[in-house]
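What follows is start_8.txt (compact mmCIF, C-alpha atoms and all ligand atoms).
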# COMPACT_ATOMS: atom_id res chain seq x y z
CA MET X 1 103.48 11.52 90.95
CA ILE X 2 105.68 12.68 93.78
CA GLN X 3 104.81 11.27 97.19
CA VAL X 4 105.35 13.33 100.33
CA CYS X 5 105.58 11.76 103.78
CA LYS X 6 102.23 12.04 105.59
CA SER X 7 103.99 12.81 108.85
CA CYS X 8 106.89 15.13 107.87
CA VAL X 9 107.60 16.93 104.58
CA THR X 10 110.17 14.57 103.01
CA PRO X 11 109.34 13.87 99.35
CA SER X 12 109.85 10.62 97.47
CA THR X 13 112.46 12.38 95.32
CA ARG X 14 114.93 12.04 98.22
CA PRO X 15 117.43 9.37 97.09
CA GLY X 16 117.02 6.22 99.13
CA ILE X 17 113.93 7.30 101.08
CA GLN X 18 111.42 4.57 101.84
CA PHE X 19 107.74 4.95 102.62
CA ASP X 20 105.53 2.36 104.32
CA ASP X 21 102.00 1.40 103.29
CA HIS X 22 100.62 4.35 105.26
CA GLY X 23 102.75 6.83 103.34
CA VAL X 24 105.10 7.53 106.25
CA CYS X 25 108.86 7.71 105.70
CA LEU X 26 111.38 5.50 107.45
CA PRO X 27 113.02 8.26 109.57
CA CYS X 28 109.55 9.19 110.93
CA ARG X 29 108.86 5.56 111.85
CA VAL X 30 112.28 5.29 113.50
CA ALA X 31 111.54 8.49 115.45
CA GLU X 32 108.26 7.02 116.71
CA GLU X 33 110.22 4.19 118.29
CA THR X 34 112.69 6.51 120.02
CA PRO X 35 110.76 6.66 123.36
CA GLN X 36 111.10 2.87 123.65
CA ILE X 37 114.86 2.86 123.20
CA ASP X 38 116.81 1.54 126.17
CA TRP X 39 119.39 4.32 126.32
CA ALA X 40 121.20 2.81 129.29
CA LEU X 41 121.82 -0.29 127.21
CA ARG X 42 123.13 1.80 124.33
CA ARG X 43 125.38 3.72 126.68
CA GLU X 44 126.81 0.39 127.91
CA GLU X 45 127.50 -0.56 124.32
CA LEU X 46 129.21 2.79 123.72
CA THR X 47 131.32 2.27 126.84
CA ARG X 48 132.43 -1.11 125.49
CA ILE X 49 133.36 0.51 122.17
CA ALA X 50 135.36 3.16 124.08
CA ASP X 51 137.14 0.37 126.00
CA TRP X 52 137.95 -1.29 122.69
CA GLY X 53 139.48 1.98 121.49
CA ARG X 54 141.65 2.20 124.63
CA GLU X 55 142.87 -1.34 124.15
CA HIS X 56 143.65 -1.11 120.46
CA THR X 57 145.66 2.07 120.16
CA ARG X 58 149.43 2.24 119.86
CA LEU X 59 150.27 5.90 120.27
CA GLY X 60 148.16 7.05 123.19
CA TYR X 61 145.15 8.39 121.30
CA HIS X 62 142.10 6.24 121.92
CA CYS X 63 140.01 7.42 119.02
CA ILE X 64 139.81 9.83 116.12
CA VAL X 65 137.05 12.41 115.93
CA PRO X 66 136.71 14.04 112.49
CA VAL X 67 135.90 17.70 113.06
CA SER X 68 134.93 20.84 111.19
CA GLY X 69 134.49 22.83 114.39
CA GLY X 70 130.73 22.89 113.88
CA LYS X 71 128.09 22.01 116.46
CA ASP X 72 128.09 18.24 115.92
CA SER X 73 131.83 17.73 115.83
CA THR X 74 132.30 19.99 118.85
CA ARG X 75 129.79 17.86 120.76
CA GLN X 76 131.45 14.63 119.58
CA ALA X 77 134.92 15.76 120.67
CA LEU X 78 133.69 16.93 124.07
CA TYR X 79 131.64 13.77 124.59
CA ALA X 80 134.56 11.50 123.69
CA ARG X 81 136.86 13.28 126.12
CA ASP X 82 134.60 14.41 128.94
CA ASP X 83 131.90 11.73 129.05
CA LEU X 84 133.74 8.67 127.77
CA GLY X 85 137.09 9.64 129.30
CA LEU X 86 138.95 9.04 126.05
CA ARG X 87 141.97 10.82 124.62
CA PRO X 88 140.75 11.76 121.14
CA LEU X 89 142.87 12.97 118.26
CA LEU X 90 140.87 15.43 116.22
CA VAL X 91 141.26 15.28 112.43
CA SER X 92 140.15 18.17 110.30
CA CYS X 93 140.17 18.78 106.57
CA THR X 94 140.68 22.44 105.73
CA TYR X 95 139.03 24.21 102.87
CA SER X 96 141.05 26.27 100.49
CA PRO X 97 141.49 29.82 101.84
CA GLN X 98 139.10 31.25 99.23
CA GLN X 99 136.37 28.92 100.39
CA GLN X 100 136.75 28.88 104.17
CA SER X 101 134.36 31.23 105.96
CA ASP X 102 135.50 33.49 108.80
CA VAL X 103 133.03 31.94 111.19
CA GLY X 104 134.27 28.47 110.20
CA ALA X 105 137.88 29.48 110.87
CA HIS X 106 136.84 30.82 114.28
CA ASN X 107 134.98 27.65 115.16
CA ILE X 108 137.75 25.19 114.37
CA ALA X 109 140.19 27.39 116.29
CA ASN X 110 137.70 27.53 119.17
CA LEU X 111 137.39 23.75 119.29
CA ILE X 112 141.16 23.24 119.32
CA GLU X 113 141.40 25.88 122.05
CA LEU X 114 139.16 23.70 124.20
CA GLY X 115 142.23 21.56 124.62
CA PHE X 116 142.53 19.02 121.83
CA ASP X 117 145.42 17.70 119.79
CA THR X 118 144.49 18.11 116.15
CA ILE X 119 145.80 17.02 112.79
CA ILE X 120 144.77 19.29 109.96
CA VAL X 121 145.01 18.00 106.41
CA GLY X 122 144.75 20.50 103.60
CA PRO X 123 144.61 19.08 100.09
CA GLY X 124 146.20 21.51 97.59
CA PRO X 125 143.73 24.26 96.63
CA GLN X 126 144.27 23.92 92.86
CA LYS X 127 143.58 20.20 92.89
CA TRP X 128 140.68 20.74 95.28
CA LYS X 129 139.16 23.27 92.93
CA THR X 130 139.64 21.03 89.88
CA MET X 131 137.92 18.15 91.65
CA MET X 132 135.07 20.43 92.75
CA LYS X 133 134.57 21.73 89.24
CA ARG X 134 134.48 18.24 87.78
CA ALA X 135 131.95 17.09 90.36
CA PHE X 136 129.79 20.11 89.52
CA TYR X 137 129.81 19.33 85.80
CA LYS X 138 129.61 15.56 86.14
CA TYR X 139 127.05 15.24 88.93
CA GLY X 140 125.60 18.71 89.46
CA ASN X 141 126.94 18.22 92.99
CA TRP X 142 130.36 19.69 93.73
CA CYS X 143 130.22 18.22 97.25
CA LYS X 144 130.84 14.78 95.79
CA ALA X 145 134.52 15.78 95.57
CA THR X 146 134.91 17.61 98.86
CA GLU X 147 132.89 15.11 100.90
CA LEU X 148 135.12 12.36 99.58
CA ALA X 149 138.05 14.25 101.13
CA LEU X 150 136.19 15.16 104.34
CA TYR X 151 135.25 11.53 104.95
CA SER X 152 138.37 9.81 103.55
CA ILE X 153 140.95 11.83 105.49
CA PRO X 154 140.01 10.53 108.99
CA PRO X 155 140.32 6.81 108.11
CA ARG X 156 143.55 7.59 106.19
CA VAL X 157 144.98 9.23 109.32
CA ALA X 158 143.58 6.38 111.45
CA ILE X 159 145.50 3.85 109.36
CA ALA X 160 148.68 5.92 109.32
CA TYR X 161 148.70 6.46 113.09
CA ARG X 162 147.17 3.13 113.99
CA ILE X 163 144.21 4.57 115.89
CA PRO X 164 141.47 2.20 114.73
CA LEU X 165 138.42 3.76 116.40
CA ILE X 166 136.70 6.66 114.59
CA PHE X 167 133.65 8.44 115.96
CA LEU X 168 131.28 10.06 113.48
CA GLY X 169 128.11 11.94 114.51
CA GLU X 170 124.64 11.09 113.25
CA ASN X 171 123.68 8.09 111.19
CA ASN X 172 122.11 9.81 108.18
CA ALA X 173 120.21 6.65 107.22
CA ILE X 174 118.24 7.05 110.44
CA THR X 175 118.10 10.84 110.60
CA TYR X 176 117.36 11.59 106.96
CA GLY X 177 116.68 8.26 105.28
CA ASP X 178 119.89 8.26 103.22
CA LEU X 179 120.93 5.22 101.26
CA GLY X 180 123.62 2.82 102.36
CA GLY X 181 125.32 1.99 105.61
CA SER X 182 123.54 0.53 108.61
CA MET X 183 120.49 1.36 110.72
CA GLY X 184 122.56 1.13 113.89
CA GLY X 185 125.81 2.49 115.28
CA ASP X 186 128.13 0.75 112.84
CA ALA X 187 129.51 3.17 110.23
CA ASN X 188 132.05 0.87 108.59
CA ARG X 189 130.08 0.87 105.35
CA MET X 190 129.22 4.57 105.24
CA LYS X 191 131.28 5.06 102.08
CA TYR X 192 128.48 3.32 100.19
CA ASN X 193 126.04 6.16 100.86
CA ASN X 194 124.63 8.28 98.06
CA THR X 195 127.23 11.07 98.12
CA LEU X 196 130.38 8.96 98.56
CA SER X 197 129.12 6.21 96.21
CA GLY X 198 131.77 3.69 97.23
CA GLY X 199 134.45 6.21 98.16
CA THR X 200 136.45 6.41 94.94
CA PRO X 201 137.36 9.61 93.11
CA ASP X 202 137.95 7.73 89.82
CA ALA X 203 135.21 9.53 87.91
CA MET X 204 136.81 12.90 88.69
CA MET X 205 140.34 11.91 87.67
CA GLY X 206 142.26 12.21 84.40
CA ASP X 207 143.53 15.38 82.69
CA GLY X 208 146.34 15.99 85.15
CA ILE X 209 144.77 14.40 88.22
CA THR X 210 146.41 11.02 88.72
CA ASP X 211 146.38 8.31 91.37
CA ARG X 212 149.23 10.09 93.13
CA ASP X 213 147.10 13.19 93.63
CA VAL X 214 144.05 11.65 95.23
CA LEU X 215 145.17 9.83 98.38
CA TRP X 216 143.04 12.17 100.51
CA PHE X 217 140.06 11.78 98.17
CA ARG X 218 140.08 7.98 98.21
CA TYR X 219 138.31 6.26 101.07
CA PRO X 220 140.27 3.20 102.26
CA SER X 221 139.11 0.00 100.55
CA ASP X 222 137.31 -2.70 102.52
CA ALA X 223 140.57 -4.70 102.50
CA GLU X 224 142.61 -1.76 103.85
CA MET X 225 140.00 -1.17 106.54
CA ALA X 226 139.94 -4.82 107.56
CA LYS X 227 143.73 -5.00 107.70
CA ALA X 228 143.87 -1.93 109.98
CA HIS X 229 140.90 -3.23 112.07
CA LEU X 230 139.17 0.10 111.57
CA ARG X 231 135.99 0.55 113.53
CA VAL X 232 133.89 3.52 112.43
CA VAL X 233 131.01 4.31 114.78
CA TYR X 234 128.05 6.72 114.72
CA MET X 235 128.33 8.21 118.18
CA GLY X 236 124.93 9.87 117.79
CA TYR X 237 123.18 6.49 117.67
CA PHE X 238 124.10 5.87 121.31
CA ILE X 239 123.22 9.26 122.85
CA GLU X 240 119.62 10.17 123.58
CA ASP X 241 119.93 13.92 123.13
CA PHE X 242 122.37 13.89 120.22
CA ASN X 243 120.42 16.14 117.88
CA GLN X 244 120.89 19.49 116.17
CA HIS X 245 119.40 21.48 119.06
CA THR X 246 121.24 19.98 121.98
CA ASN X 247 124.48 19.85 120.03
CA ALA X 248 124.10 23.51 119.04
CA ARG X 249 123.31 24.60 122.59
CA ILE X 250 126.32 22.78 124.03
CA ALA X 251 128.65 23.98 121.28
CA ILE X 252 127.48 27.61 121.63
CA GLU X 253 128.05 27.42 125.40
CA ARG X 254 131.60 26.35 124.59
CA GLY X 255 132.33 29.18 122.16
CA LEU X 256 130.81 28.19 118.80
CA ARG X 257 129.95 31.23 116.72
CA VAL X 258 126.86 31.08 114.49
CA ARG X 259 126.10 32.58 111.10
CA GLU X 260 124.43 35.98 110.89
CA THR X 261 122.27 35.52 107.83
CA GLU X 262 118.60 35.42 106.97
CA PRO X 263 116.81 32.12 106.16
CA GLU X 264 115.77 33.44 102.74
CA ASP X 265 119.40 34.18 101.82
CA VAL X 266 120.84 30.79 102.67
CA GLY X 267 117.89 28.39 102.50
CA ALA X 268 118.23 27.31 106.12
CA LEU X 269 115.99 27.64 109.16
CA ASN X 270 118.72 27.51 111.73
CA GLN X 271 121.93 29.44 111.45
CA VAL X 272 124.12 26.88 113.20
CA GLU X 273 124.51 24.41 110.34
CA ASP X 274 127.11 24.27 107.59
CA LEU X 275 129.13 27.15 108.99
CA ASP X 276 132.57 26.40 107.63
CA GLU X 277 132.04 27.67 104.10
CA ASP X 278 129.37 29.42 102.02
CA PHE X 279 129.36 27.50 98.72
CA VAL X 280 127.24 24.89 100.48
CA HIS X 281 124.25 27.16 99.91
CA VAL X 282 124.82 26.84 96.16
CA ASN X 283 124.94 23.08 96.52
CA GLN X 284 121.64 23.16 98.34
CA LEU X 285 120.19 25.15 95.45
CA LEU X 286 121.48 22.47 93.05
CA LYS X 287 119.92 19.79 95.24
CA PHE X 288 116.66 21.70 95.08
CA LEU X 289 116.79 21.83 91.28
CA LYS X 290 117.41 18.09 91.09
CA PHE X 291 115.01 16.82 93.70
CA GLY X 292 112.62 19.64 94.57
CA PHE X 293 113.78 19.77 98.15
CA ALA X 294 116.86 20.91 100.04
CA ARG X 295 118.08 21.73 103.53
CA VAL X 296 114.90 23.31 104.92
CA THR X 297 112.96 20.12 104.12
CA ASP X 298 115.52 18.14 106.10
CA GLU X 299 115.55 20.61 108.97
CA ALA X 300 111.77 20.98 109.15
CA SER X 301 111.20 17.22 108.87
CA GLN X 302 113.53 16.67 111.78
CA LEU X 303 111.75 19.34 113.83
CA VAL X 304 108.43 17.62 113.14
CA ARG X 305 109.92 14.31 114.32
CA LEU X 306 111.24 15.97 117.47
CA GLY X 307 107.77 17.40 118.15
CA MET X 308 109.08 20.96 117.82
CA MET X 309 107.10 21.90 114.69
CA THR X 310 103.73 20.94 113.23
CA ARG X 311 103.50 19.59 109.70
CA ASP X 312 101.65 22.73 108.58
CA GLU X 313 104.43 24.92 109.96
CA ALA X 314 106.94 22.70 108.17
CA ILE X 315 105.09 23.13 104.85
CA ASP X 316 105.04 26.87 105.40
CA ALA X 317 108.79 26.92 106.16
CA VAL X 318 109.84 24.85 103.15
CA SER X 319 107.64 26.82 100.78
CA LYS X 320 109.24 30.07 101.94
CA TYR X 321 112.87 29.12 102.31
CA ASP X 322 113.82 25.80 100.77
CA GLY X 323 116.35 26.04 97.95
CA ARG X 324 116.86 29.76 98.46
CA CYS X 325 120.35 31.01 97.74
CA HIS X 326 121.37 34.66 97.56
CA GLN X 327 122.96 35.76 94.31
CA ARG X 328 126.15 36.76 96.15
CA TYR X 329 126.87 33.09 96.91
CA ILE X 330 126.30 32.09 93.28
CA ASP X 331 128.57 34.92 92.14
CA ALA X 332 131.31 33.93 94.59
CA TYR X 333 131.03 30.28 93.61
CA CYS X 334 131.27 31.09 89.89
CA GLU X 335 134.27 33.33 90.51
CA PHE X 336 135.94 30.56 92.51
CA LEU X 337 135.45 28.01 89.73
CA GLY X 338 136.26 30.52 86.98
CA ILE X 339 132.92 30.18 85.18
CA SER X 340 130.26 32.73 84.27
CA VAL X 341 126.89 32.85 86.01
CA ALA X 342 125.25 32.03 82.65
CA GLU X 343 127.43 28.92 82.41
CA PHE X 344 126.47 28.00 85.96
CA TRP X 345 122.77 28.12 85.04
CA ARG X 346 123.36 26.25 81.78
CA VAL X 347 124.82 23.35 83.77
CA ALA X 348 122.40 23.68 86.70
CA ASP X 349 119.31 23.70 84.47
CA GLY X 350 120.54 20.47 82.91
CA TYR X 351 120.24 18.84 86.31
CA ARG X 352 116.65 19.86 87.00
CA GLY X 353 114.72 16.73 87.85
CA ALA X 354 112.33 15.64 85.09
CA SER X 355 109.62 14.74 87.60
CA VAL X 356 110.25 17.91 89.60
CA TRP X 357 110.01 20.70 87.00
CA ARG X 358 107.92 21.58 84.00
CA HIS X 359 109.69 23.66 81.38
CA ASN X 360 107.22 26.23 80.10
CA PRO X 361 107.11 27.51 76.52
CA ASP X 362 108.24 30.96 77.71
CA GLY X 363 111.40 29.40 79.14
CA SER X 364 110.34 29.59 82.80
CA TRP X 365 110.14 26.58 85.09
CA THR X 366 107.25 25.43 87.28
CA LEU X 367 107.63 23.12 90.26
CA ASN X 368 105.60 19.93 90.48
CA ALA X 369 102.52 20.83 92.51
CA ASP X 370 102.80 17.63 94.58
CA LEU X 371 105.83 19.10 96.36
CA PRO X 372 105.31 21.01 99.61
CA THR X 373 107.77 23.54 98.27
CA ALA X 374 105.24 24.34 95.56
CA ALA X 375 102.39 24.85 98.03
CA PHE X 376 102.45 28.61 97.95
CA GLY X 377 102.89 29.03 94.24
CA ARG X 378 106.60 29.37 94.56
CA ARG X 379 108.51 30.73 91.62
CA PRO X 380 111.41 28.84 90.10
CA ALA X 381 114.59 29.07 92.12
CA GLU X 382 116.43 30.64 89.22
CA ALA X 383 113.99 33.52 88.98
CA GLN X 384 114.12 33.99 92.74
CA ALA X 385 117.87 33.96 92.81
CA GLN X 386 118.04 36.54 90.05
CA GLU X 387 115.38 38.77 91.56
CA ILE X 388 117.11 39.09 94.89
ZN ZN R 401 108.50 11.46 107.35
Render the structure in this file as structure tokens.
Amino acid sequence: MIQVCKSCVTPSTRPGIQFDDHGVCLPCRVAEETPQIDWALRREELTRIADWGREHTRLGYHCIVPVSGGKDSTRQALYARDDLGLRPLLVSCTYSPQQQSDVGAHNIANLIELGFDTIIVGPGPQKWKTMMKRAFYKYGNWCKATELALYSIPPRVAIAYRIPLIFLGENNAITYGDLGGSMGGDANRMKYNNTLSGGTPDAMMGDGITDRDVLWFRYPSDAEMAKAHLRVVYMGYFIEDFNQHTNARIAIERGLRVRETEPEDVGALNQVEDLDEDFVHVNQLLKFLKFGFARVTDEASQLVRLGMMTRDEAIDAVSKYDGRCHQRYIDAYCEFLGISVAEFWRVADGYRGASVWRHNPDGSWTLNADLPTAAFGRRPAEAQAQEI
């Protein structure tokens, strides 16, 4: 039996999600309390954190803001500089040239153009690809490798340059109900979330990838963080209008370019998320196969919490678009990894959640009818992907 939040459309298959006795998920309950939040008090707390950053730096940068050039990181960088009066050093991890999208390249260049000093770290493409491939086979989630790098690089640079304050964006435990970390602004334990799983790349090493190759894939240990007095903070926790819509509006006003795709091609309602590369759509498809939900569930649930969508509209949206991924992205991903599309599906099918799918005698797959994604008699994602 799969439970679905009575208020939004988040299913119980989401790792870490908690439901109360009324069948409502934790992020929905947190959202209900938002009107009572004393934002002035939170702003004071953020000001004190900014002061701490000013006092504890050695080289003139008051904080590090990890950036991709997307809507959230653009907002974070601008907020740190223009609202908090800090001198941020931006830190960005580049994708390998085959993976980086044109719009992503534009957006990171645009953000730097807004007047920021930036350190760009680019792990070698061959190693990057090997790690991605292993994460795909081992976890059915290639992002486990790349997110380790995306999140480990900023604290590595923070330690190297002795800039102990790092500003991240949203706290995903609050926004999406992810496992691990805190329910407040403190992000020092974010490496224990579901994707980073402690922040070590050990499971993807061996066969030519040694300790010397994975500095940028290894999140600093608790001891290293304590020694460097690192303070990692979810900036979004302290800002009332830090959400996907306000961040997108502000970033677009400042030059962010959005994707020109259809929701049914990329499995996304808005075209301002995940802009820096296109394989992410394949990962969302994999997430859908595992858990029966993907990005549209997250987007629609958040819209319901913000009062911008009804639950019925959310069910309609997820049933039409969630887990959708155009064949061209699957083809490009397979070409990048050097595997056939048949091999991709062999591995992907192995990750289909047992509670999510029924394997029919004719070889087709049927989604669990408890899921909102199944509400309109949706066909299996594989068949959809191949029909397109
Ligand atoms: Zn909910």
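All protein and nucleic acid residues in the vicinity of (137.4, 12.5, 102.6), that is within 10 Å when counting all atoms listed in the file, are X:Ser92, X:Cys93, X:Lys144, X:Ala145, X:Thr146, X:Glu147, X:Leu148, X:Ala149, X:Leu150, X:Tyr151, X:Ser152, X:Ile153, X:Pro154, X:Pro155, X:Arg156, X:Lys191, X:Leu196, X:Gly199, X:Thr200, X:Pro201, X:Val214, X:Leu215, X:Trp216, X:Phe217, X:Arg218, X:Tyr219, X:Pro220.
Counting all atoms listed in the file, the residue from X:Gly292, X:Gly69, X:Pro361, X:Pro27 that sits nearest to Leu90 of chain X is X:Gly69.
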Quick one: residues within 7 Å of segment 248-260 of chain X, all atoms listed in the file, excluding same-chain residues fewer than 3 positions away - as a CSV table (one decimal) with C-alpha atoms, in the coordinates of the input?
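Output (out-v4.csv):
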chain,number,residue,atom,x,y,z
X,71,LYS,CA,128.1,22.0,116.5
X,74,THR,CA,132.3,20.0,118.8
X,75,ARG,CA,129.8,17.9,120.8
X,103,VAL,CA,133.0,31.9,111.2
X,107,ASN,CA,135.0,27.6,115.2
X,110,ASN,CA,137.7,27.5,119.2
X,244,GLN,CA,120.9,19.5,116.2
X,245,HIS,CA,119.4,21.5,119.1
X,271,GLN,CA,121.9,29.4,111.4
X,272,VAL,CA,124.1,26.9,113.2
X,275,LEU,CA,129.1,27.2,109.0
Residues contacting ligand ZN 401 (chain R) - anything with an atom at most 7 Å away, using all atoms listed in the file - can you give me those as an MDAnalysis selection string? chainID X and resid 5:10 24:28 301
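Closest approach to Pro97 of chain X from the set X:Pro15, X:Phe116, X:Glu277, X:Gln3 is made by X:Glu277, with distances taken over all atoms listed in the file.
Among X:Glu55, X:Asp322, X:Asp316, X:Asp222, the residue with the shortest atom-to-atom distance to Ala268 of chain X, counting all atoms listed in the file, is X:Asp322.
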List every protein, DNA or RNA residue with an atom no more than 12 Å from (118.5, 4.4, 124.3) in the file's coordinates, counting all atoms listed in the file, and format the result as a ChimeraX atom specification. /X:31,33-46,184-185,236-242
Please provide as a VMD selection string all residues within 9 Å of Ala80 of chain X, with the sequence filter that same-chain residues fewer than 3 positions apart are discarded (counting only C-alpha atoms). chain X and resid 50 63 65 75 to 77 83 to 88 167 235
Non-local contacts of Met190 of chain X (9 Å; all atoms listed in the file; under 2 positions in same chain excluded) as number ranges by chain: X: 171, 180-182, 186-188, 192-193, 196, 198-199, 232
Selection: 8 Å around Val341 of chain X, only C-alpha atoms, excl. self and same-chain fewer than 6 positions, as an mmCIF file with C-alpha atoms, in the coordinates of the input:
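Full text of selection12.cif as output:
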data_model
loop_
_atom_site.group_PDB
_atom_site.id
_atom_site.type_symbol
_atom_site.label_atom_id
_atom_site.label_comp_id
_atom_site.auth_asym_id
_atom_site.auth_seq_id
_atom_site.Cartn_x
_atom_site.Cartn_y
_atom_site.Cartn_z
ATOM 1 C CA ILE X 330 126.300 32.090 93.280
ATOM 2 C CA ASP X 331 128.570 34.920 92.140
ATOM 3 C CA CYS X 334 131.270 31.090 89.890
#
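Restricting the calculation to all atoms listed in the file, the smallest distance between Gln302 of chain X and any of X:Ile174, X:Ala158, X:Ala332, X:Met183 is found for X:Ile174.
Note that atom CA of Ile119 of chain X and atom CA of Lys227 of chain X are 22.7 Å apart.
Between atom CA of Asn172 of chain X and atom CA of Arg311 of chain X the separation is 21.1 Å.
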